[in-house]
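Undergrad: Got a structure here, written out as structure tokens. Questions coming.
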Amino acid sequence: MKDLKSKIILGVLSMVVVFTLSVQFQTIRDTTGGELLSTQRSQALAIELRNLQETRDQLTNELTDLEKRLQEYEQTDADENLIIQNLRRDLQRYQLISGHVSGQGPGIIVTIESQGEDGEFLLYNYDILLALANNLNAAGAEAIDINGERYTALTEIYYGSNAIHINDRPISPPYVIKAIGHADTLEAALNIRYGIIWEIRQFSGVTAEITKENNLFIERAQSITEFEYAVPVTENE
Amino acid sequence: MKNSRDKMIVGITVFFVSFMLIINIRNTEMDYDFIRLETVEAFNVEISDTKEEIEALEDYIEQKKYQIEEYQEALRDGTLEEVLASEVRKQKVNSHLTDLKGPGITVTLEDSDRELDEGEDPNNLIIHDLDVLNILNDLRRAGAEALAINGQRVTSQTQIKCQGATITVNDVTYGQPFVIEAIGDPDTLNAAINAPTSYAYILREYYELPVGSEIGDEILIKAFDREPALNYIEIQEGD
């Protein structure tokens, strides 16, 4: 009887072991796409990533050069007629509004972060960022940027694969919101008693700081949506 | 362990296990590296992200080169005015200062007219800023190209204030119902209002707020009707 008992225990134990092993194998196969998981493979990935990043940096530089040249064409107003000068001025205005160019001016920087046990609080409550942008706009912000992503009319914020995404790009904490406008007004609008900053600070583990800046820079939008469905309505239609 | 057969079985098992362990240890020793599945996963994600970025950059570069050529030609032929004017038109479209039309969706929101449950917060029956902001966000995520609330165009500078009876958009106040219009792929937009993961679905199903949506073949969304204020910002020097 004793023999049978130990055999059963042994049997159950081996079943557990086999099960664990097969789950492990399956997970690895799923993640690596059927290939062997080895340190060489991870090194190969690291090298591929580094190469891609280098290419990206080169392209970014090239783009910056091209943009500079383009702006020379768009902005120099050496001895030109009034119509062209006006057109150039309009172009700059609308480029700033659409987020097509980087801008600078006075404003505020808001830094919010959730720490400790509640470290993931902001991940799931990303609509705090929507509310912040809305409040800043109410105070007359002229351009807003969240962790390097320009806030445009079509900017979306969502949670996915363990990060907040803005304009389809993952961003990581702390969340830094920059806004250009009248610094005192912007600050006052957020800091108002029982206003949004107060509300944010009520959540445990969440910190929020505002600093005023005389001159801050806001980058241009990384990509401008090309419309597929919307068609401009011409006035003489 | 009564007989030698049992001992042999245990012996063989121990041998196998230690064999596997040794292989593992040797493997790490050779490369002085320890990797986890998450690392590989993270690499894969980052690689595909970077590839996408590179593609976008290449598109951008192509575009800029074309624009520069356009300017060079225009300067040669004396048609600079036309090139600039068309560029201004394009930027106005992207600044949401142009009327647009296209297929899309109309969403209507209203405060609920149901009775309060006992001890329930009256706020549950009322539409707030954040509700509207979240619905707009869902629509943007579904690829909306133009948005308007009660005819007021949503721009990058739009502020929304809404606490029940009225909504104030771009400093203009409207009564109920609140009507959100969006141009884009109607099916995707519709899903952003009706899918169980959407914010509108939660409003409708859990708070029982009346949220309606209707697909339209041709929706007209007006331009933002004032000149946006730009008193503080200027183009970044040397950019």
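Going by the structure tokens order, chains are called A, B, ..., each with residues numbered from 1, while ligands are numbered from 1 in the order shown.
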Find the spatial neighbours of stretch 218-220 of chain A, counting only C-alpha atoms, within a cut-off of 12 Å - ignore same-chain residues fewer than 2 positions away - and output them as a ChimeraX atom specification.
TA: /A:64,67,95-109,142-152,176-181,215-216,222-224 /B:233-237,239
Undergrad: List the neighbours of B:Asn44 out to 10 Å using only C-alpha atoms; skip same-chain residues closer than 2 positions along the sequence, and give me the result as a ChimeraX atom specification.
TA: /A:31-32,42,45-46,49 /B:38-42,46-50
Undergrad: Check the smallest atom-to-atom distance from each of B:Arg140, B:Ala191, B:Ser112, B:Glu181 to B:Ile221 using only C-alpha atoms, then report the winner.
TA: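 Ranked by minimum distance to B:Ile221, first place goes to B:Glu181.
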Undergrad: Restrict the distance test to only C-alpha atoms, flag each residue of chain B within 6 Å of chain A, and return the flagged residues as a PyMOL selection string.
TA: chain B and resi 47+54+61+68+81+88+91-92+94-95+99-102+137+140-141+155-157+159+184+232-236
Undergrad: Looking only at strand (DSSP E or B) from DSSP on the backbone, list the matching residues of stretch 1-236 of chain A as a VMD selection string.
TA: chain A and resid 103 to 114 143 to 146 149 to 150 157 to 160 163 to 166 169 to 171 175 to 180 206 to 218 231 to 232
Undergrad: Could you write out that same residue set with N, CA and C atoms as a short mmCIF file (atom, residue, chain, number, x, y, z; two decimals), in the first residue's frame?
TA:
data_model
loop_
_atom_site.label_atom_id
_atom_site.label_comp_id
_atom_site.auth_asym_id
_atom_site.auth_seq_id
_atom_site.Cartn_x
_atom_site.Cartn_y
_atom_site.Cartn_z
N GLY A 103 7.91 75.92 -32.07
CA GLY A 103 7.67 77.28 -31.61
C GLY A 103 8.36 77.56 -30.29
N GLN A 104 8.45 78.84 -29.94
CA GLN A 104 9.01 79.21 -28.65
C GLN A 104 8.25 80.39 -28.08
N GLY A 105 8.32 80.52 -26.77
CA GLY A 105 7.62 81.63 -26.12
C GLY A 105 7.53 81.36 -24.63
N PRO A 106 6.96 82.31 -23.89
CA PRO A 106 6.81 82.11 -22.45
C PRO A 106 5.71 81.09 -22.17
N GLY A 107 5.73 80.52 -20.98
CA GLY A 107 4.69 79.54 -20.67
C GLY A 107 4.99 78.78 -19.40
N ILE A 108 4.36 77.62 -19.24
CA ILE A 108 4.59 76.83 -18.03
C ILE A 108 4.90 75.39 -18.38
N ILE A 109 5.56 74.72 -17.43
CA ILE A 109 5.83 73.29 -17.56
C ILE A 109 5.14 72.59 -16.38
N VAL A 110 4.30 71.62 -16.67
CA VAL A 110 3.64 70.85 -15.63
C VAL A 110 4.22 69.45 -15.65
N THR A 111 4.66 68.98 -14.48
CA THR A 111 5.20 67.62 -14.41
C THR A 111 4.32 66.80 -13.49
N ILE A 112 3.76 65.73 -13.98
CA ILE A 112 3.00 64.86 -13.08
C ILE A 112 3.53 63.43 -13.14
N GLU A 113 3.48 62.78 -12.02
CA GLU A 113 4.06 61.45 -11.91
C GLU A 113 3.33 60.69 -10.80
N SER A 114 3.11 59.41 -11.03
CA SER A 114 2.58 58.61 -9.93
C SER A 114 3.69 57.68 -9.45
N ALA A 143 0.12 76.71 -27.70
CA ALA A 143 0.67 75.44 -28.18
C ALA A 143 0.92 74.57 -26.96
N ILE A 144 0.63 73.28 -27.09
CA ILE A 144 0.82 72.34 -25.98
C ILE A 144 1.61 71.15 -26.46
N ASP A 145 2.45 70.65 -25.58
CA ASP A 145 3.31 69.52 -25.92
C ASP A 145 3.34 68.59 -24.71
N ILE A 146 3.13 67.30 -24.96
CA ILE A 146 3.20 66.33 -23.87
C ILE A 146 4.33 65.35 -24.18
N GLU A 149 5.43 65.31 -27.67
CA GLU A 149 4.40 65.13 -28.69
C GLU A 149 3.51 66.37 -28.74
N ARG A 150 3.45 67.00 -29.89
CA ARG A 150 2.63 68.20 -30.04
C ARG A 150 1.16 67.83 -29.93
N ILE A 157 -4.96 60.13 -27.14
CA ILE A 157 -4.17 59.59 -26.03
C ILE A 157 -4.81 58.28 -25.62
N TYR A 158 -4.02 57.23 -25.52
CA TYR A 158 -4.62 55.98 -25.09
C TYR A 158 -3.59 55.11 -24.37
N TYR A 159 -4.11 54.08 -23.70
CA TYR A 159 -3.25 53.16 -22.98
C TYR A 159 -3.10 51.88 -23.80
N GLY A 160 -1.86 51.44 -23.99
CA GLY A 160 -1.64 50.19 -24.71
C GLY A 160 -0.26 49.68 -24.45
N ALA A 163 2.04 51.32 -21.68
CA ALA A 163 2.49 52.70 -21.75
C ALA A 163 1.35 53.56 -22.26
N ILE A 164 1.41 54.84 -21.90
CA ILE A 164 0.48 55.79 -22.50
C ILE A 164 1.00 56.11 -23.89
N HIS A 165 0.11 56.09 -24.86
CA HIS A 165 0.50 56.45 -26.22
C HIS A 165 -0.12 57.80 -26.56
N ILE A 166 0.70 58.65 -27.16
CA ILE A 166 0.20 59.93 -27.66
C ILE A 166 0.61 60.02 -29.12
N ARG A 169 2.56 57.14 -30.34
CA ARG A 169 3.89 56.85 -29.85
C ARG A 169 3.85 56.62 -28.34
N PRO A 170 4.56 55.60 -27.88
CA PRO A 170 4.60 55.36 -26.43
C PRO A 170 5.42 56.45 -25.73
N ILE A 171 4.93 56.90 -24.59
CA ILE A 171 5.72 57.84 -23.78
C ILE A 171 5.86 57.26 -22.39
N TYR A 175 5.28 62.53 -16.76
CA TYR A 175 4.61 63.18 -17.87
C TYR A 175 4.80 64.67 -17.76
N VAL A 176 5.41 65.23 -18.80
CA VAL A 176 5.78 66.64 -18.80
C VAL A 176 4.95 67.37 -19.85
N ILE A 177 4.13 68.30 -19.38
CA ILE A 177 3.26 69.04 -20.29
C ILE A 177 3.77 70.46 -20.39
N LYS A 178 4.10 70.89 -21.60
CA LYS A 178 4.57 72.25 -21.80
C LYS A 178 3.49 73.04 -22.52
N ALA A 179 3.28 74.26 -22.10
CA ALA A 179 2.28 75.08 -22.77
C ALA A 179 2.82 76.48 -22.94
N ILE A 180 2.67 77.03 -24.16
CA ILE A 180 3.09 78.41 -24.41
C ILE A 180 1.87 79.31 -24.33
N VAL A 206 0.37 60.54 -6.31
CA VAL A 206 0.53 61.33 -7.53
C VAL A 206 1.07 62.71 -7.17
N THR A 207 2.14 63.11 -7.85
CA THR A 207 2.70 64.43 -7.61
C THR A 207 2.49 65.30 -8.84
N ALA A 208 2.32 66.60 -8.61
CA ALA A 208 2.14 67.53 -9.72
C ALA A 208 2.89 68.81 -9.40
N GLU A 209 3.75 69.24 -10.32
CA GLU A 209 4.54 70.46 -10.13
C GLU A 209 4.35 71.39 -11.32
N ILE A 210 4.30 72.69 -11.04
CA ILE A 210 4.22 73.66 -12.13
C ILE A 210 5.40 74.61 -12.03
N THR A 211 6.09 74.83 -13.13
CA THR A 211 7.11 75.86 -13.14
C THR A 211 6.83 76.83 -14.28
N LYS A 212 7.11 78.12 -14.02
CA LYS A 212 6.91 79.13 -15.06
C LYS A 212 8.22 79.33 -15.80
N GLU A 213 8.13 79.54 -17.10
CA GLU A 213 9.33 79.72 -17.91
C GLU A 213 9.19 80.99 -18.74
N ASN A 214 10.33 81.71 -18.88
CA ASN A 214 10.29 82.90 -19.74
C ASN A 214 10.31 82.53 -21.21
N ASN A 215 11.01 81.44 -21.48
CA ASN A 215 11.11 81.03 -22.87
C ASN A 215 11.22 79.52 -22.93
N LEU A 216 10.23 78.88 -23.50
CA LEU A 216 10.36 77.44 -23.66
C LEU A 216 10.08 77.04 -25.10
N PHE A 217 10.60 75.88 -25.46
CA PHE A 217 10.51 75.43 -26.85
C PHE A 217 9.51 74.29 -26.97
N ILE A 218 8.73 74.34 -28.00
CA ILE A 218 7.80 73.25 -28.27
C ILE A 218 8.05 72.75 -29.68
N VAL A 231 -12.74 66.43 -47.44
CA VAL A 231 -12.39 67.22 -48.62
C VAL A 231 -12.71 68.68 -48.32
N PRO A 232 -11.78 69.60 -48.63
CA PRO A 232 -12.06 71.01 -48.39
C PRO A 232 -13.24 71.47 -49.24
#
Undergrad: Suppose you want the space between atom CA of B:Val10 and atom CA of A:Val23; what is it in Å?
TA: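 A separation of 24.1 Å between them.
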Undergrad: So how far away is atom CA of B:Leu147 from atom CA of B:Val83, in Å?
TA: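 Between atom CA of B:Val83 and atom CA of B:Leu147 the gap is 28.5 Å.
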Undergrad: When you draw a straight line from atom CA of B:Leu133 to atom CA of B:Thr197, how long is it in Å?
TA: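 Separation between atom CA of B:Leu133 and atom CA of B:Thr197: 15.9 Å.
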Undergrad: Give me the residues within 10 Å of B:His128 as a PyMOL selection string, counting only C-alpha atoms and dropping any in the same chain fewer than 6 places off.
TA: chain B and resi 111+160-167
Undergrad: Going by DSSP on the backbone, which residues of stretch 74-158 of chain A come out as helix (DSSP H, G or I)? List them as a ChimeraX atom specification.
TA: /A:74-75,82-98,116-118,121-124,127-138
Undergrad: List the neighbours of B:Asp138 out to 8 Å using only C-alpha atoms; skip same-chain residues closer than 6 positions along the sequence, and give me the result as a list in words.
TA: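 The residues that qualify are Glu156 of chain A; Ala192, Ile193, Ser198 and Tyr199 of chain B.
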Undergrad: Find the residues near B:Pro186: any atom within 12 Å, counting only C-alpha atoms, skip ones fewer than 3 places away on the same chain, and give them as a PyMOL selection string.
TA: (chain A and resi 229-230) or (chain B and resi 102-107+139+142-145+181-183+189-193+213-219)
